[in-house]
$ cat query-v7.csv   # CSV, C-alpha atoms
chain,number,residue,atom,x,y,z
A,1,MET,CA,18.3,-34.3,3.5
A,2,GLN,CA,16.7,-32.8,0.4
A,3,SER,CA,15.1,-30.0,2.4
A,4,SER,CA,18.5,-29.1,3.9
A,5,ARG,CA,20.0,-29.0,0.5
A,6,SER,CA,17.2,-26.8,-0.8
A,7,LYS,CA,17.7,-24.5,2.2
A,8,GLY,CA,21.4,-24.2,1.3
A,9,ILE,CA,20.7,-23.4,-2.3
A,10,TYR,CA,18.1,-20.8,-1.4
A,11,MET,CA,20.5,-19.2,1.1
A,12,ILE,CA,23.4,-18.8,-1.3
A,13,LEU,CA,21.1,-17.5,-4.0
A,14,VAL,CA,19.7,-14.9,-1.6
A,15,GLY,CA,23.1,-14.0,-0.2
A,16,ALA,CA,24.7,-13.5,-3.7
A,17,SER,CA,21.7,-11.6,-5.0
A,18,LEU,CA,22.0,-9.2,-2.0
A,19,TRP,CA,25.7,-8.7,-2.6
A,20,GLY,CA,24.8,-7.7,-6.2
A,21,ALA,CA,22.2,-5.3,-4.8
A,22,SER,CA,24.8,-3.7,-2.6
A,23,GLY,CA,26.8,-2.6,-5.6
A,24,THR,CA,23.6,-1.0,-7.1
A,25,ALA,CA,23.0,0.8,-3.8
A,26,VAL,CA,26.6,2.1,-3.8
A,27,GLN,CA,26.2,3.5,-7.3
A,28,TYR,CA,22.9,5.1,-6.3
A,29,LEU,CA,24.5,6.8,-3.3
A,30,PHE,CA,27.4,8.1,-5.4
A,31,GLU,CA,25.3,9.4,-8.3
A,32,GLN,CA,22.1,10.5,-6.7
A,33,LYS,CA,23.2,11.5,-3.2
A,34,HIS,CA,26.8,12.5,-4.0
A,35,LEU,CA,28.4,10.6,-1.0
A,36,SER,CA,32.1,10.3,-0.8
A,37,PRO,CA,33.5,6.7,-1.4
A,38,ASP,CA,35.8,7.1,1.6
A,39,TRP,CA,33.1,8.2,4.0
A,40,LEU,CA,30.6,5.5,2.8
A,41,LEU,CA,33.1,2.7,3.0
A,42,MET,CA,34.3,3.8,6.5
A,43,VAL,CA,30.7,3.8,7.8
A,44,ARG,CA,30.0,0.4,6.2
A,45,MET,CA,33.1,-1.3,7.5
A,46,ILE,CA,32.9,0.1,11.1
A,47,VAL,CA,29.2,-0.5,11.6
A,48,ALA,CA,29.2,-4.0,10.0
A,49,GLY,CA,32.4,-4.9,11.8
A,50,LEU,CA,31.0,-3.9,15.2
A,51,ILE,CA,27.7,-5.7,14.7
A,52,MET,CA,29.6,-8.9,13.8
A,53,LEU,CA,31.9,-8.6,16.9
A,54,ILE,CA,28.9,-7.9,19.1
A,55,TYR,CA,27.2,-11.0,17.7
A,56,ASP,CA,30.3,-13.1,18.5
A,57,LYS,CA,30.5,-11.7,22.0
A,58,TYR,CA,26.9,-12.6,22.8
A,59,ALA,CA,27.4,-16.0,21.2
A,60,GLY,CA,29.9,-16.6,24.0
A,61,ARG,CA,33.1,-16.3,22.0
A,62,ASP,CA,36.3,-14.6,23.2
A,63,ILE,CA,36.6,-11.8,20.7
A,64,TRP,CA,39.9,-10.7,22.1
A,65,ALA,CA,41.6,-14.1,21.7
A,66,ILE,CA,43.0,-13.1,18.3
A,67,TRP,CA,45.0,-10.2,19.8
A,68,ARG,CA,46.6,-12.5,22.4
A,69,HIS,CA,48.1,-14.7,19.7
A,70,PRO,CA,51.7,-13.5,18.8
A,71,THR,CA,51.3,-14.1,15.1
A,72,HIS,CA,47.6,-13.6,14.5
A,73,ARG,CA,47.5,-10.1,15.9
A,74,TYR,CA,49.7,-9.0,13.0
A,75,LYS,CA,48.0,-11.2,10.4
A,76,ILE,CA,44.6,-9.7,11.2
A,77,ILE,CA,46.0,-6.2,10.6
A,78,VAL,CA,47.6,-7.2,7.2
A,79,TYR,CA,44.3,-9.0,6.2
A,80,ALA,CA,42.2,-6.0,7.2
A,81,ILE,CA,44.2,-3.5,5.1
A,82,ILE,CA,45.4,-5.5,2.1
A,83,GLY,CA,42.4,-7.9,1.9
A,84,MET,CA,39.3,-6.4,3.4
A,85,PHE,CA,40.0,-2.7,2.8
A,86,MET,CA,41.6,-2.9,-0.7
A,87,THR,CA,38.9,-5.3,-1.9
A,88,GLN,CA,36.1,-2.9,-1.0
A,89,TYR,CA,37.9,0.3,-1.7
A,90,GLY,CA,38.9,-0.8,-5.2
A,91,TYR,CA,35.3,-1.9,-5.8
A,92,PHE,CA,33.9,1.4,-4.6
A,93,ILE,CA,36.3,3.5,-6.7
A,94,ALA,CA,35.6,1.3,-9.8
A,95,ILE,CA,31.9,2.0,-9.3
A,96,GLN,CA,32.6,5.7,-8.9
A,97,TYR,CA,34.4,5.9,-12.2
A,98,GLY,CA,32.2,3.4,-14.0
A,99,ASN,CA,29.1,1.5,-12.7
A,100,ALA,CA,28.2,-1.3,-10.3
A,101,ALA,CA,27.7,-3.9,-13.0
A,102,THR,CA,31.1,-3.4,-14.6
A,103,ALA,CA,32.9,-3.2,-11.2
A,104,THR,CA,31.2,-6.4,-10.0
A,105,VAL,CA,32.1,-8.4,-13.2
A,106,LEU,CA,35.7,-7.2,-13.1
A,107,GLN,CA,35.9,-8.3,-9.5
A,108,TYR,CA,34.8,-11.7,-10.5
A,109,LEU,CA,38.1,-12.3,-12.2
A,110,MET,CA,39.2,-13.3,-8.7
A,111,PRO,CA,38.7,-17.1,-9.2
A,112,VAL,CA,41.1,-17.0,-12.2
A,113,ILE,CA,43.7,-15.1,-10.2
A,114,VAL,CA,43.4,-17.7,-7.4
A,115,LEU,CA,43.8,-20.5,-10.0
A,116,VAL,CA,46.9,-19.0,-11.6
A,117,TYR,CA,48.5,-18.4,-8.2
A,118,SER,CA,47.7,-22.0,-7.1
A,119,LEU,CA,49.2,-23.4,-10.3
A,120,TRP,CA,52.4,-21.3,-9.7
A,121,ARG,CA,52.7,-22.4,-6.1
A,122,THR,CA,52.2,-26.1,-6.9
A,123,LYS,CA,54.2,-26.0,-10.1
A,124,HIS,CA,51.2,-27.7,-11.7
A,125,PHE,CA,50.8,-27.6,-15.5
A,126,PRO,CA,47.3,-26.3,-16.3
A,127,GLY,CA,44.7,-28.7,-17.7
A,128,LYS,CA,42.0,-28.1,-20.4
A,129,ILE,CA,39.5,-26.7,-17.9
A,130,GLU,CA,42.0,-24.4,-16.4
A,131,VAL,CA,43.2,-23.1,-19.8
A,132,THR,CA,39.6,-22.6,-20.9
A,133,ALA,CA,38.8,-20.7,-17.8
A,134,VAL,CA,41.7,-18.3,-18.2
A,135,PHE,CA,40.8,-17.8,-21.9
A,136,LEU,CA,37.1,-17.1,-21.1
A,137,ALA,CA,38.0,-14.7,-18.3
A,138,THR,CA,40.4,-12.8,-20.6
A,139,MET,CA,37.9,-12.7,-23.5
A,140,GLY,CA,35.1,-11.7,-21.2
A,141,THR,CA,37.2,-8.8,-19.7
A,142,TYR,CA,38.2,-7.7,-23.2
A,143,LEU,CA,34.6,-7.6,-24.4
A,144,LEU,CA,33.5,-5.8,-21.3
A,145,VAL,CA,36.1,-3.0,-21.6
A,146,THR,CA,36.0,-2.6,-25.4
A,147,LYS,CA,32.3,-3.3,-26.1
A,148,GLY,CA,33.5,-5.3,-29.1
A,149,ASN,CA,35.5,-2.4,-30.6
A,150,TRP,CA,38.9,-4.0,-30.4
A,151,ASP,CA,41.0,-0.9,-30.8
A,152,THR,CA,39.2,1.3,-28.2
A,153,LEU,CA,38.7,1.3,-24.5
A,154,ALA,CA,34.9,1.6,-23.7
A,155,ILE,CA,35.4,2.1,-20.0
A,156,SER,CA,37.7,4.5,-18.2
A,157,GLN,CA,41.3,3.4,-17.4
A,158,GLN,CA,40.4,4.2,-13.7
A,159,THR,CA,37.5,1.7,-13.8
A,160,LEU,CA,39.6,-1.0,-15.3
A,161,PHE,CA,42.6,-0.4,-12.9
A,162,TRP,CA,40.5,-0.3,-9.7
A,163,GLY,CA,38.2,-3.2,-10.8
A,164,ILE,CA,41.2,-5.5,-11.5
A,165,LEU,CA,43.0,-4.3,-8.3
A,166,SER,CA,39.9,-5.2,-6.4
A,167,ALA,CA,40.0,-8.7,-8.0
A,168,PHE,CA,43.6,-9.2,-6.9
A,169,ALA,CA,42.8,-7.9,-3.4
A,170,MET,CA,39.8,-10.3,-3.2
A,171,ALA,CA,42.1,-13.2,-4.2
A,172,PHE,CA,44.3,-12.2,-1.2
A,173,TYR,CA,41.2,-11.9,0.9
A,174,THR,CA,40.2,-15.4,-0.1
A,175,LEU,CA,43.6,-17.1,0.4
A,176,TYR,CA,45.3,-15.3,3.3
A,177,PRO,CA,43.0,-16.0,6.3
A,178,ARG,CA,42.8,-19.8,6.0
A,179,GLU,CA,45.0,-20.4,9.1
A,180,MET,CA,43.1,-18.0,11.2
A,181,LEU,CA,39.7,-19.4,10.2
A,182,LYS,CA,40.9,-22.8,11.6
A,183,THR,CA,41.1,-21.1,15.0
A,184,TYR,CA,38.5,-18.4,15.1
A,185,SER,CA,35.0,-18.0,13.8
A,186,SER,CA,34.4,-16.4,10.4
A,187,THR,CA,32.4,-13.6,11.9
A,188,MET,CA,35.3,-12.8,14.3
A,189,VAL,CA,37.9,-12.6,11.5
A,190,ILE,CA,35.6,-10.7,9.2
A,191,GLY,CA,34.3,-8.5,12.0
A,192,TRP,CA,37.8,-7.4,13.2
A,193,SER,CA,39.1,-6.9,9.7
A,194,MET,CA,36.1,-4.7,8.8
A,195,PHE,CA,36.4,-2.7,12.0
A,196,ILE,CA,40.2,-2.2,11.5
A,197,GLY,CA,39.7,-1.3,7.9
A,198,GLY,CA,37.2,1.3,8.9
A,199,ILE,CA,39.6,2.8,11.5
A,200,PHE,CA,42.4,2.8,8.8
A,201,ILE,CA,40.2,4.9,6.5
A,202,ASN,CA,39.3,7.3,9.3
A,203,VAL,CA,43.0,7.8,10.3
A,204,PHE,CA,44.7,7.9,6.9
A,205,LEU,CA,42.0,9.1,4.4
A,206,GLN,CA,40.1,11.3,6.9
A,207,PRO,CA,36.8,11.3,5.1
A,208,TRP,CA,35.4,14.3,7.0
A,209,PRO,CA,33.5,16.5,6.9
A,210,PHE,CA,30.5,14.7,5.5
A,211,ILE,CA,29.8,15.6,1.8
A,212,GLY,CA,26.5,14.7,0.1
A,213,ILE,CA,22.8,14.7,0.7
A,214,MET,CA,21.5,13.0,3.9
A,215,ASP,CA,17.8,12.3,3.5
A,216,PHE,CA,15.4,9.4,3.5
A,217,GLY,CA,16.7,8.0,0.2
A,218,THR,CA,20.2,8.0,1.6
A,219,VAL,CA,19.1,6.2,4.8
A,220,ILE,CA,17.4,3.5,2.6
A,221,GLY,CA,20.4,3.2,0.4
A,222,MET,CA,22.8,2.8,3.4
A,223,THR,CA,20.4,0.3,5.0
A,224,VAL,CA,20.4,-1.8,1.8
A,225,LEU,CA,24.2,-1.6,1.7
A,226,ILE,CA,25.0,-2.4,5.4
A,227,LEU,CA,22.0,-4.5,6.6
A,228,PHE,CA,21.1,-6.5,3.4
A,229,GLY,CA,24.3,-6.2,1.3
A,230,THR,CA,26.7,-6.9,4.1
A,231,LEU,CA,25.3,-8.5,7.2
A,232,ILE,CA,22.4,-10.7,5.8
A,233,ALA,CA,24.4,-11.5,2.6
A,234,PHE,CA,27.4,-12.6,4.7
A,235,TYR,CA,25.2,-14.7,7.0
A,236,CYS,CA,23.4,-16.4,4.1
A,237,TYR,CA,26.7,-17.2,2.4
A,238,LEU,CA,28.3,-18.5,5.5
A,239,ASP,CA,25.3,-20.6,6.6
A,240,SER,CA,24.8,-22.1,3.2
A,241,THR,CA,28.1,-24.0,3.5
A,242,LYS,CA,26.5,-26.2,6.2
A,243,TYR,CA,24.0,-27.6,3.7
A,244,ILE,CA,25.7,-27.7,0.2
A,245,LYS,CA,29.2,-28.4,-1.1
A,246,ALA,CA,31.8,-25.6,-1.4
A,247,SER,CA,32.0,-26.2,-5.2
A,248,GLU,CA,28.2,-25.6,-5.4
A,249,VAL,CA,28.5,-22.5,-3.3
A,250,GLY,CA,31.1,-21.1,-5.7
A,251,ALA,CA,29.0,-21.8,-8.7
A,252,LEU,CA,25.8,-20.4,-7.3
A,253,ALA,CA,27.5,-17.3,-6.0
A,254,SER,CA,27.9,-16.2,-9.6
A,255,VAL,CA,24.3,-14.9,-9.2
A,256,GLU,CA,26.1,-11.8,-7.7
A,257,PRO,CA,27.3,-10.3,-11.0
A,258,LEU,CA,24.1,-11.3,-12.7
A,259,SER,CA,22.0,-9.5,-10.1
A,260,SER,CA,24.3,-6.5,-10.2
A,261,VAL,CA,24.0,-6.2,-14.0
A,262,LEU,CA,20.2,-6.8,-13.9
A,263,LEU,CA,19.6,-4.2,-11.2
A,264,ALA,CA,22.0,-1.7,-12.7
A,265,VAL,CA,20.2,-1.9,-16.1
A,266,VAL,CA,16.6,-1.9,-14.6
A,267,ILE,CA,17.0,0.6,-11.7
A,268,LEU,CA,19.9,2.8,-12.8
A,269,HIS,CA,19.4,2.5,-16.6
A,270,VAL,CA,23.0,1.5,-17.2
A,271,ASP,CA,23.6,0.8,-20.9
A,272,PHE,CA,24.6,-2.8,-21.5
A,273,GLY,CA,24.8,-4.0,-25.1
A,274,LEU,CA,25.4,-7.4,-26.7
A,275,ALA,CA,29.2,-7.3,-26.3
A,276,GLU,CA,29.0,-6.5,-22.6
A,277,ILE,CA,26.4,-9.3,-22.1
A,278,LEU,CA,28.7,-11.8,-23.8
A,279,GLY,CA,31.6,-10.5,-21.7
A,280,VAL,CA,29.6,-11.1,-18.5
A,281,ALA,CA,28.6,-14.6,-19.7
A,282,CYS,CA,32.3,-15.5,-20.4
A,283,ILE,CA,33.5,-14.3,-16.9
A,284,ILE,CA,30.6,-16.0,-15.1
A,285,SER,CA,31.2,-19.3,-17.0
A,286,THR,CA,34.7,-19.4,-15.5
A,287,VAL,CA,33.2,-19.7,-12.0
A,288,PHE,CA,31.1,-22.8,-13.1
A,289,LEU,CA,34.2,-24.3,-14.8
A,290,LEU,CA,36.4,-23.8,-11.8
A,291,ALA,CA,33.7,-25.1,-9.4
A,292,ARG,CA,34.0,-28.4,-11.1
A,293,GLN,CA,37.7,-28.7,-10.1
A,294,LYS,CA,38.3,-31.1,-7.2

$ encode --input "query-v7.csv" --output "structure tokens"
Amino acid sequence: MQSSRSKGIYMILVGASLWGASGTAVQYLFEQKHLSPDWLLMVRMIVAGLIMLIYDKYAGRDIWAIWRHPTHRYKIIVYAIIGMFMTQYGYFIAIQYGNAATATVLQYLMPVIVLVYSLWRTKHFPGKIEVTAVFLATMGTYLLVTKGNWDTLAISQQTLFWGILSAFAMAFYTLYPREMLKTYSSTMVIGWSMFIGGIFINVFLQPWPFIGIMDFGTVIGMTVLILFGTLIAFYCYLDSTKYIKASEVGALASVEPLSSVLLAVVILHVDFGLAEILGVACIISTVFLLARQK
């Protein structure tokens, strides 16, 4: 029992750290290799989506079942565009205008958005933990975007807008597919939504021709993003839920913004001062607080 629990903790820590690393890889590909966010996101979503669907197919699952259901065929399209696509697109654009660390931390406002929505739906009056979580998230965001200079904005308006939009999309991404996940595997739902999102980018944003530098460094960066930051990270996150409680998964997943900040500072030399560090601490602490909720 103890070894299974240790395995679960190890897997979620690895998965969340790799998610954080993917943000650093994206920033590297934008700044050093000058890749287009539209093109990079399209490739990531189509390749990762196809691999997940192929995995499900060889696992003996009927990957076309979701399209034969009269309601789910429409829900997977809505989920792919509003949930999967907007979550990742907002995140990528926030990185483009700012940096991976700031974009990741802003995206981690998602648990508070889910909390506020749940309170509104259930007409539940917030308790002390919930009020504290909202306050910390607000204070953390304020410290992050002002660097402690209360009358000025230390990050661009575009970074703030797309980072928060990504958090709202991620909240939708978290809440919307619950019914489908009772019927289909997670890899099937995520695989189809990624593939559809990639096709959506190709048709409506048309990220061609290729712009940027295609060399060995680009291949390494894209491998980190797709293989480690998407496929292995997702597998570790999903499999960890077999061994530890969901509340523990949510708390330990806060390693993602920590790893993103650490890698951005060490590898990409992103400037993070005391105010930003306090802001990160405030936002991450909300995850631990909310994970204690039953």

$ residues_around --input "query-v7.csv" --residues "stretch 2-18 of chain A" --least-positions-apart "2" --cutoff "6 Å" --atoms "all atoms listed in the file" --output "list in words"
Gly20, Ala21, Gly229, Ala233, Cys236, Tyr237, Ser240, Tyr243, Ile244, Ala253, Val255, Glu256 and Ser259 of chain A

$ closest_residue --input "query-v7.csv" --among "A:Val189, A:Val78, A:Leu35, A:Leu175" --to "A:Trp64" --atoms "all atoms listed in the file"
A:Val189

$ residues_near_point --input "query-v7.csv" --point "(39.5, -2.2, -8.0)" --cutoff "10 Å" --atoms "all atoms listed in the file" --output "NGL selection string"
:A and (86-95 or 103-104 or 106-107 or 158-170)

$ closest_residue --input "query-v7.csv" --among "A:Leu227, A:Leu278, A:Ile283, A:Leu29" --to "A:Gln96" --atoms "all atoms listed in the file"
A:Leu29

$ atom_distance --input "query-v7.csv" --atom1 "atom CA of A:Val116" --atom2 "atom CA of A:Val134"
8.4 Å

$ residues_near_point --input "query-v7.csv" --point "(36.3, 9.8, 7.2)" --cutoff "12 Å" --atoms "all atoms listed in the file" --output "PyMOL selection string"
chain A and resi 35-46+197-211

$ build_atoms --input "query-v7.csv" --residues "stretch 14-35 of chain A" --atoms "N, CA and C atoms" --output "PDB file, keeping the file's coordinate frame"
ATOM      1  N   VAL A  14      20.083 -16.133  -2.239  1.00  0.00           N
ATOM      2  CA  VAL A  14      19.700 -14.900  -1.600  1.00  0.00           C
ATOM      3  C   VAL A  14      20.885 -14.037  -1.239  1.00  0.00           C
ATOM      4  N   GLY A  15      21.902 -14.685  -0.635  1.00  0.00           N
ATOM      5  CA  GLY A  15      23.100 -14.000  -0.200  1.00  0.00           C
ATOM      6  C   GLY A  15      23.816 -13.314  -1.408  1.00  0.00           C
ATOM      7  N   ALA A  16      24.016 -14.072  -2.485  1.00  0.00           N
ATOM      8  CA  ALA A  16      24.700 -13.500  -3.700  1.00  0.00           C
ATOM      9  C   ALA A  16      23.912 -12.438  -4.326  1.00  0.00           C
ATOM     10  N   SER A  17      22.588 -12.601  -4.373  1.00  0.00           N
ATOM     11  CA  SER A  17      21.700 -11.600  -5.000  1.00  0.00           C
ATOM     12  C   SER A  17      21.828 -10.266  -4.167  1.00  0.00           C
ATOM     13  N   LEU A  18      21.870 -10.385  -2.840  1.00  0.00           N
ATOM     14  CA  LEU A  18      22.000  -9.200  -2.000  1.00  0.00           C
ATOM     15  C   LEU A  18      23.338  -8.529  -2.154  1.00  0.00           C
ATOM     16  N   TRP A  19      24.392  -9.312  -2.354  1.00  0.00           N
ATOM     17  CA  TRP A  19      25.700  -8.700  -2.600  1.00  0.00           C
ATOM     18  C   TRP A  19      25.649  -7.902  -3.931  1.00  0.00           C
ATOM     19  N   GLY A  20      24.976  -8.464  -4.931  1.00  0.00           N
ATOM     20  CA  GLY A  20      24.800  -7.700  -6.200  1.00  0.00           C
ATOM     21  C   GLY A  20      24.029  -6.446  -5.979  1.00  0.00           C
ATOM     22  N   ALA A  21      22.989  -6.517  -5.138  1.00  0.00           N
ATOM     23  CA  ALA A  21      22.200  -5.300  -4.800  1.00  0.00           C
ATOM     24  C   ALA A  21      22.983  -4.259  -4.125  1.00  0.00           C
ATOM     25  N   SER A  22      23.960  -4.665  -3.321  1.00  0.00           N
ATOM     26  CA  SER A  22      24.800  -3.700  -2.600  1.00  0.00           C
ATOM     27  C   SER A  22      25.553  -2.794  -3.535  1.00  0.00           C
ATOM     28  N   GLY A  23      26.034  -3.371  -4.645  1.00  0.00           N
ATOM     29  CA  GLY A  23      26.800  -2.600  -5.600  1.00  0.00           C
ATOM     30  C   GLY A  23      25.858  -1.526  -6.271  1.00  0.00           C
ATOM     31  N   THR A  24      24.605  -1.908  -6.531  1.00  0.00           N
ATOM     32  CA  THR A  24      23.600  -1.000  -7.100  1.00  0.00           C
ATOM     33  C   THR A  24      23.343   0.145  -6.085  1.00  0.00           C
ATOM     34  N   ALA A  25      23.245  -0.218  -4.802  1.00  0.00           N
ATOM     35  CA  ALA A  25      23.000   0.800  -3.800  1.00  0.00           C
ATOM     36  C   ALA A  25      24.173   1.767  -3.681  1.00  0.00           C
ATOM     37  N   VAL A  26      25.409   1.255  -3.810  1.00  0.00           N
ATOM     38  CA  VAL A  26      26.600   2.100  -3.800  1.00  0.00           C
ATOM     39  C   VAL A  26      26.541   3.112  -4.948  1.00  0.00           C
ATOM     40  N   GLN A  27      26.239   2.607  -6.144  1.00  0.00           N
ATOM     41  CA  GLN A  27      26.200   3.500  -7.300  1.00  0.00           C
ATOM     42  C   GLN A  27      25.094   4.560  -7.128  1.00  0.00           C
ATOM     43  N   TYR A  28      23.955   4.174  -6.571  1.00  0.00           N
ATOM     44  CA  TYR A  28      22.900   5.100  -6.300  1.00  0.00           C
ATOM     45  C   TYR A  28      23.320   6.213  -5.325  1.00  0.00           C
ATOM     46  N   LEU A  29      24.013   5.814  -4.266  1.00  0.00           N
ATOM     47  CA  LEU A  29      24.500   6.800  -3.300  1.00  0.00           C
ATOM     48  C   LEU A  29      25.546   7.713  -3.823  1.00  0.00           C
ATOM     49  N   PHE A  30      26.352   7.215  -4.755  1.00  0.00           N
ATOM     50  CA  PHE A  30      27.400   8.100  -5.400  1.00  0.00           C
ATOM     51  C   PHE A  30      26.715   9.065  -6.363  1.00  0.00           C
ATOM     52  N   GLU A  31      25.862   8.544  -7.248  1.00  0.00           N
ATOM     53  CA  GLU A  31      25.300   9.400  -8.300  1.00  0.00           C
ATOM     54  C   GLU A  31      24.186  10.274  -7.901  1.00  0.00           C
ATOM     55  N   GLN A  32      23.288   9.755  -7.056  1.00  0.00           N
ATOM     56  CA  GLN A  32      22.100  10.500  -6.700  1.00  0.00           C
ATOM     57  C   GLN A  32      22.270  11.322  -5.402  1.00  0.00           C
ATOM     58  N   LYS A  33      23.075  10.804  -4.472  1.00  0.00           N
ATOM     59  CA  LYS A  33      23.200  11.500  -3.200  1.00  0.00           C
ATOM     60  C   LYS A  33      24.621  12.071  -2.986  1.00  0.00           C
ATOM     61  N   HIS A  34      25.504  11.835  -3.948  1.00  0.00           N
ATOM     62  CA  HIS A  34      26.800  12.500  -4.000  1.00  0.00           C
ATOM     63  C   HIS A  34      27.681  12.202  -2.747  1.00  0.00           C
ATOM     64  N   LEU A  35      27.560  10.989  -2.198  1.00  0.00           N
ATOM     65  CA  LEU A  35      28.400  10.600  -1.000  1.00  0.00           C
ATOM     66  C   LEU A  35      29.806  10.321  -1.452  1.00  0.00           C
TER      67      LEU A  35
END
